[in-house]
file my_file.pdb (PDB, C-alpha atoms)
ATOM      1  CA  MET A   1      51.895 124.503  94.059  1.00  0.00           C
ATOM      2  CA  SER A   2      51.138 123.381  97.577  1.00  0.00           C
ATOM      3  CA  ALA A   3      50.008 119.952  96.299  1.00  0.00           C
ATOM      4  CA  SER A   4      53.344 119.293  94.623  1.00  0.00           C
ATOM      5  CA  ILE A   5      55.243 120.345  97.766  1.00  0.00           C
ATOM      6  CA  LEU A   6      53.034 118.056  99.839  1.00  0.00           C
ATOM      7  CA  LEU A   7      53.588 115.185  97.387  1.00  0.00           C
ATOM      8  CA  ARG A   8      57.346 115.718  97.409  1.00  0.00           C
ATOM      9  CA  SER A   9      57.497 115.711 101.173  1.00  0.00           C
ATOM     10  CA  THR A  10      55.244 112.663 101.775  1.00  0.00           C
ATOM     11  CA  LEU A  11      56.365 110.396  98.917  1.00  0.00           C
ATOM     12  CA  PRO A  12      59.912 109.719 100.153  1.00  0.00           C
ATOM     13  CA  ARG A  13      58.607 109.075 103.647  1.00  0.00           C
ATOM     14  CA  ALA A  14      56.109 106.502 102.366  1.00  0.00           C
ATOM     15  CA  PHE A  15      58.809 104.550 100.557  1.00  0.00           C
ATOM     16  CA  ALA A  16      61.215 104.966 103.440  1.00  0.00           C
ATOM     17  CA  SER A  17      58.939 103.028 105.742  1.00  0.00           C
ATOM     18  CA  THR A  18      59.298  99.281 105.903  1.00  0.00           C
ATOM     19  CA  THR A  19      55.825  98.620 104.532  1.00  0.00           C
ATOM     20  CA  GLY A  20      56.498 100.884 101.575  1.00  0.00           C
ATOM     21  CA  ARG A  21      59.709  99.007 100.790  1.00  0.00           C
ATOM     22  CA  ASN A  22      57.932  95.681 101.048  1.00  0.00           C
ATOM     23  CA  VAL A  23      55.176  96.820  98.701  1.00  0.00           C
ATOM     24  CA  LEU A  24      57.707  98.052  96.177  1.00  0.00           C
ATOM     25  CA  ARG A  25      59.789  94.881  96.499  1.00  0.00           C
ATOM     26  CA  SER A  26      56.749  92.595  96.075  1.00  0.00           C
ATOM     27  CA  ALA A  27      55.575  94.568  93.036  1.00  0.00           C
ATOM     28  CA  LEU A  28      58.989  94.180  91.400  1.00  0.00           C
ATOM     29  CA  GLN A  29      59.056  90.455  92.199  1.00  0.00           C
ATOM     30  CA  VAL A  30      55.619  89.931  90.638  1.00  0.00           C
ATOM     31  CA  ARG A  31      56.735  91.799  87.546  1.00  0.00           C
ATOM     32  CA  HIS A  32      59.946  89.752  87.360  1.00  0.00           C
ATOM     33  CA  THR A  33      58.179  86.393  87.685  1.00  0.00           C
ATOM     34  CA  ALA A  34      55.535  87.362  85.142  1.00  0.00           C
ATOM     35  CA  SER A  35      58.111  88.443  82.572  1.00  0.00           C
ATOM     36  CA  SER A  36      60.388  85.439  83.084  1.00  0.00           C
ATOM     37  CA  ALA A  37      57.658  83.060  81.863  1.00  0.00           C
ATOM     38  CA  MET A  38      57.952  84.499  78.333  1.00  0.00           C
ATOM     39  CA  GLN A  39      61.322  85.397  76.888  1.00  0.00           C
ATOM     40  CA  TYR A  40      61.754  88.875  75.494  1.00  0.00           C
ATOM     41  CA  VAL A  41      62.225  88.982  71.748  1.00  0.00           C
ATOM     42  CA  PRO A  42      63.191  92.263  70.088  1.00  0.00           C
ATOM     43  CA  GLY A  43      60.216  93.405  68.033  1.00  0.00           C
ATOM     44  CA  GLY A  44      57.703  91.559  70.175  1.00  0.00           C
ATOM     45  CA  PRO A  45      56.812  87.937  70.726  1.00  0.00           C
ATOM     46  CA  ILE A  46      56.520  85.644  67.710  1.00  0.00           C
ATOM     47  CA  ILE A  47      53.507  83.394  67.966  1.00  0.00           C
ATOM     48  CA  LYS A  48      53.549  80.364  65.690  1.00  0.00           C
ATOM     49  CA  GLY A  49      50.512  79.515  63.588  1.00  0.00           C
ATOM     50  CA  THR A  50      49.085  83.003  63.130  1.00  0.00           C
ATOM     51  CA  VAL A  51      49.605  86.019  60.914  1.00  0.00           C
ATOM     52  CA  ASN A  52      52.969  86.566  62.644  1.00  0.00           C
ATOM     53  CA  ASP A  53      54.449  83.679  60.671  1.00  0.00           C
ATOM     54  CA  PRO A  54      56.413  84.761  57.599  1.00  0.00           C
ATOM     55  CA  THR A  55      54.913  84.022  54.227  1.00  0.00           C
ATOM     56  CA  THR A  56      56.652  81.181  52.452  1.00  0.00           C
ATOM     57  CA  PHE A  57      58.236  82.101  49.150  1.00  0.00           C
ATOM     58  CA  PRO A  58      56.574  80.441  46.162  1.00  0.00           C
ATOM     59  CA  PRO A  59      58.758  78.486  43.763  1.00  0.00           C
ATOM     60  CA  PRO A  60      59.887  80.480  40.703  1.00  0.00           C
ATOM     61  CA  SER A  61      57.391  80.295  37.869  1.00  0.00           C
ATOM     62  CA  LYS A  62      57.197  81.929  34.438  1.00  0.00           C
ATOM     63  CA  THR A  63      53.458  82.431  34.852  1.00  0.00           C
ATOM     64  CA  HIS A  64      53.972  84.816  37.780  1.00  0.00           C
ATOM     65  CA  GLY A  65      56.220  87.740  38.488  1.00  0.00           C
ATOM     66  CA  SER A  66      57.658  89.898  35.735  1.00  0.00           C
ATOM     67  CA  TYR A  67      56.497  87.626  32.898  1.00  0.00           C
ATOM     68  CA  HIS A  68      52.980  87.674  34.273  1.00  0.00           C
ATOM     69  CA  TRP A  69      53.076  91.458  34.681  1.00  0.00           C
ATOM     70  CA  ALA A  70      54.412  91.929  31.130  1.00  0.00           C
ATOM     71  CA  PHE A  71      51.691  89.666  29.722  1.00  0.00           C
ATOM     72  CA  GLU A  72      48.972  91.638  31.531  1.00  0.00           C
ATOM     73  CA  ARG A  73      50.278  94.949  30.157  1.00  0.00           C
ATOM     74  CA  LEU A  74      50.693  93.559  26.640  1.00  0.00           C
ATOM     75  CA  LEU A  75      47.156  92.167  26.685  1.00  0.00           C
ATOM     76  CA  SER A  76      45.721  95.461  27.940  1.00  0.00           C
ATOM     77  CA  ALA A  77      47.626  97.457  25.334  1.00  0.00           C
ATOM     78  CA  ALA A  78      46.607  95.061  22.531  1.00  0.00           C
ATOM     79  CA  LEU A  79      42.929  95.404  23.409  1.00  0.00           C
ATOM     80  CA  VAL A  80      42.863  99.068  22.295  1.00  0.00           C
ATOM     81  CA  PRO A  81      43.757  98.582  18.598  1.00  0.00           C
ATOM     82  CA  MET A  82      42.013  95.208  18.491  1.00  0.00           C
ATOM     83  CA  THR A  83      38.736  96.766  19.648  1.00  0.00           C
ATOM     84  CA  ALA A  84      39.077  99.622  17.143  1.00  0.00           C
ATOM     85  CA  ALA A  85      39.847  97.180  14.308  1.00  0.00           C
ATOM     86  CA  ALA A  86      36.943  94.914  15.238  1.00  0.00           C
ATOM     87  CA  PHE A  87      34.447  97.774  15.092  1.00  0.00           C
ATOM     88  CA  ALA A  88      35.940  99.282  11.933  1.00  0.00           C
ATOM     89  CA  THR A  89      35.516  95.982  10.089  1.00  0.00           C
ATOM     90  CA  SER A  90      32.677  93.497  10.065  1.00  0.00           C
ATOM     91  CA  GLY A  91      32.948  90.540  12.412  1.00  0.00           C
ATOM     92  CA  SER A  92      31.649  88.116   9.797  1.00  0.00           C
ATOM     93  CA  ALA A  93      34.315  89.240   7.299  1.00  0.00           C
ATOM     94  CA  TYR A  94      37.154  88.679   9.799  1.00  0.00           C
ATOM     95  CA  PRO A  95      36.191  85.836  12.143  1.00  0.00           C
ATOM     96  CA  LEU A  96      39.776  85.462  13.405  1.00  0.00           C
ATOM     97  CA  LEU A  97      39.740  89.040  14.706  1.00  0.00           C
ATOM     98  CA  ASP A  98      36.343  88.423  16.295  1.00  0.00           C
ATOM     99  CA  GLY A  99      37.663  85.307  18.048  1.00  0.00           C
ATOM    100  CA  LEU A 100      40.829  87.057  19.246  1.00  0.00           C
ATOM    101  CA  LEU A 101      38.773  89.928  20.639  1.00  0.00           C
ATOM    102  CA  GLY A 102      36.470  87.525  22.483  1.00  0.00           C
ATOM    103  CA  ILE A 103      39.358  85.555  23.997  1.00  0.00           C
ATOM    104  CA  SER A 104      41.300  88.697  24.900  1.00  0.00           C
ATOM    105  CA  LEU A 105      38.336  90.299  26.663  1.00  0.00           C
ATOM    106  CA  VAL A 106      37.649  87.153  28.675  1.00  0.00           C
ATOM    107  CA  MET A 107      41.305  86.703  29.639  1.00  0.00           C
ATOM    108  CA  HIS A 108      41.629  90.383  30.568  1.00  0.00           C
ATOM    109  CA  SER A 109      38.576  90.053  32.827  1.00  0.00           C
ATOM    110  CA  HIS A 110      39.889  86.809  34.327  1.00  0.00           C
ATOM    111  CA  ILE A 111      43.235  88.388  35.220  1.00  0.00           C
ATOM    112  CA  GLY A 112      41.495  91.363  36.826  1.00  0.00           C
ATOM    113  CA  PHE A 113      39.109  89.273  38.913  1.00  0.00           C
ATOM    114  CA  ASP A 114      41.941  86.932  39.885  1.00  0.00           C
ATOM    115  CA  ALA A 115      43.910  89.913  41.197  1.00  0.00           C
ATOM    116  CA  ILE A 116      40.896  90.906  43.308  1.00  0.00           C
ATOM    117  CA  ILE A 117      40.608  87.401  44.757  1.00  0.00           C
ATOM    118  CA  VAL A 118      44.340  87.202  45.496  1.00  0.00           C
ATOM    119  CA  ASP A 119      44.318  90.608  47.198  1.00  0.00           C
ATOM    120  CA  TYR A 120      41.099  90.392  49.207  1.00  0.00           C
ATOM    121  CA  LEU A 121      40.262  86.674  49.583  1.00  0.00           C
ATOM    122  CA  HIS A 122      43.740  85.232  50.077  1.00  0.00           C
ATOM    123  CA  LYS A 123      43.612  81.561  51.038  1.00  0.00           C
ATOM    124  CA  ARG A 124      45.865  82.158  54.059  1.00  0.00           C
ATOM    125  CA  LYS A 125      43.356  84.536  55.614  1.00  0.00           C
ATOM    126  CA  PHE A 126      40.221  82.873  54.209  1.00  0.00           C
ATOM    127  CA  PRO A 127      41.120  79.161  53.971  1.00  0.00           C
ATOM    128  CA  ILE A 128      37.640  78.069  52.861  1.00  0.00           C
ATOM    129  CA  ILE A 129      36.169  80.860  50.763  1.00  0.00           C
ATOM    130  CA  GLY A 130      39.484  81.803  49.068  1.00  0.00           C
ATOM    131  CA  PRO A 131      39.951  78.524  47.156  1.00  0.00           C
ATOM    132  CA  ILE A 132      36.202  78.348  46.475  1.00  0.00           C
ATOM    133  CA  ALA A 133      36.294  81.815  44.905  1.00  0.00           C
ATOM    134  CA  THR A 134      39.392  80.912  42.877  1.00  0.00           C
ATOM    135  CA  TRP A 135      37.816  77.761  41.473  1.00  0.00           C
ATOM    136  CA  ALA A 136      34.504  79.552  40.862  1.00  0.00           C
ATOM    137  CA  LEU A 137      36.391  82.148  38.805  1.00  0.00           C
ATOM    138  CA  ARG A 138      38.207  79.452  36.835  1.00  0.00           C
ATOM    139  CA  THR A 139      34.954  77.613  36.172  1.00  0.00           C
ATOM    140  CA  ALA A 140      33.201  80.803  35.103  1.00  0.00           C
ATOM    141  CA  THR A 141      36.098  81.717  32.804  1.00  0.00           C
ATOM    142  CA  VAL A 142      35.992  78.340  31.072  1.00  0.00           C
ATOM    143  CA  GLY A 143      32.207  78.618  30.755  1.00  0.00           C
ATOM    144  CA  VAL A 144      32.424  82.096  29.242  1.00  0.00           C
ATOM    145  CA  LEU A 145      35.157  80.988  26.825  1.00  0.00           C
ATOM    146  CA  VAL A 146      32.954  78.106  25.644  1.00  0.00           C
ATOM    147  CA  GLY A 147      30.012  80.516  25.303  1.00  0.00           C
ATOM    148  CA  VAL A 148      32.044  83.059  23.325  1.00  0.00           C
ATOM    149  CA  TYR A 149      33.306  80.285  21.029  1.00  0.00           C
ATOM    150  CA  GLN A 150      29.777  78.994  20.457  1.00  0.00           C
ATOM    151  CA  PHE A 151      28.465  82.514  19.858  1.00  0.00           C
ATOM    152  CA  ASN A 152      31.243  83.362  17.390  1.00  0.00           C
ATOM    153  CA  THR A 153      30.977  80.102  15.406  1.00  0.00           C
ATOM    154  CA  ASN A 154      27.231  79.365  15.473  1.00  0.00           C
ATOM    155  CA  ASP A 155      25.736  82.868  15.639  1.00  0.00           C
ATOM    156  CA  ILE A 156      26.510  86.381  14.386  1.00  0.00           C
ATOM    157  CA  GLY A 157      29.634  86.937  16.487  1.00  0.00           C
ATOM    158  CA  LEU A 158      30.668  89.376  19.148  1.00  0.00           C
ATOM    159  CA  THR A 159      31.346  92.456  17.013  1.00  0.00           C
ATOM    160  CA  GLU A 160      28.152  92.037  14.962  1.00  0.00           C
ATOM    161  CA  LEU A 161      26.158  91.775  18.199  1.00  0.00           C
ATOM    162  CA  ILE A 162      27.692  94.955  19.603  1.00  0.00           C
ATOM    163  CA  ALA A 163      27.153  96.783  16.280  1.00  0.00           C
ATOM    164  CA  LYS A 164      23.481  95.740  16.229  1.00  0.00           C
ATOM    165  CA  VAL A 165      22.950  96.754  19.855  1.00  0.00           C
ATOM    166  CA  TRP A 166      24.729 100.072  19.196  1.00  0.00           C
ATOM    167  CA  THR A 167      22.453 100.953  16.238  1.00  0.00           C
ATOM    168  CA  ALA A 168      19.231  99.669  17.819  1.00  0.00           C
TER
END
call {"tool": "encode", "arguments": {"input": "my_file.pdb", "output": "structure tokens"}}
result
Amino acid sequence: MSASILLRSTLPRAFASTTGRNVLRSALQVRHTASSAMQYVPGGPIIKGTVNDPTTFPPPSKTHGSYHWAFERLLSAALVPMTAAAFATSGSAYPLLDGLLGISLVMHSHIGFDAIIVDYLHKRKFPIIGPIATWALRTATVGVLVGVYQFNTNDIGLTELIAKVWTA
């Protein structure tokens, strides 16, 4: 209580003196000159060339957006009956079903890994490793597709392999 009374009584006297006014005036002038160097922008300053820049809109494409989303959902939903049909029948009796299952599994995996790369290794934030990861995924997908084709045409096929591993 006594400290607040003392503060109330001495504070106006300190600013009433000429040195107190000069200190206050010089502090306001320093603040004014420092703030006049950079213009005030509502929402904060916008610095060019960093994450403050807006993302450019990509050109419209049928391979992205709602068509892309619908294709992903259709592929995921088609994998359920396709997998059941492939295991209910023999892969050697229905090689077309075996090939469709192999391609669908690889494409489903590619879309999932591509979503991970786009979300976590975006080329705007990681300009070197982002494109490297994207091209590594594309290369691996092509390599796996070639391997699945070779395995389905020159060997026992995907469903026969899984059936043999399951009964082993």
call {"tool": "closest_residue", "arguments": {"input": "my_file.pdb", "among": "A:Pro42, A:Arg73, A:Pro95, A:Ala140", "to": "A:Asn154", "atoms": "all atoms listed in the file"}}
result
A:Pro95
call {"tool": "closest_residue", "arguments": {"input": "my_file.pdb", "among": "A:Val118, A:Thr83, A:Lys164, A:Leu74", "to": "A:Gly99", "atoms": "only C-alpha atoms"}}
result
A:Thr83
call {"tool": "atom_distance", "arguments": {"input": "my_file.pdb", "atom1": "atom CA of A:Phe71", "atom2": "atom CA of A:Ala84"}}
result
20.4 Å
call {"tool": "atom_distance", "arguments": {"input": "my_file.pdb", "atom1": "atom CA of A:Ala133", "atom2": "atom CA of A:Pro59"}}
result
22.7 Å
call {"tool": "residues_around", "arguments": {"input": "my_file.pdb", "residues": "A:Asp98", "least_positions_apart": "6", "cutoff": "8 Å", "atoms": "all atoms listed in the file", "output": "ChimeraX atom specification"}}
result
/A:86,91,152,157-159
call {"tool": "atom_distance", "arguments": {"input": "my_file.pdb", "atom1": "atom CA of A:His108", "atom2": "atom CA of A:Pro81"}}
result
14.7 Å
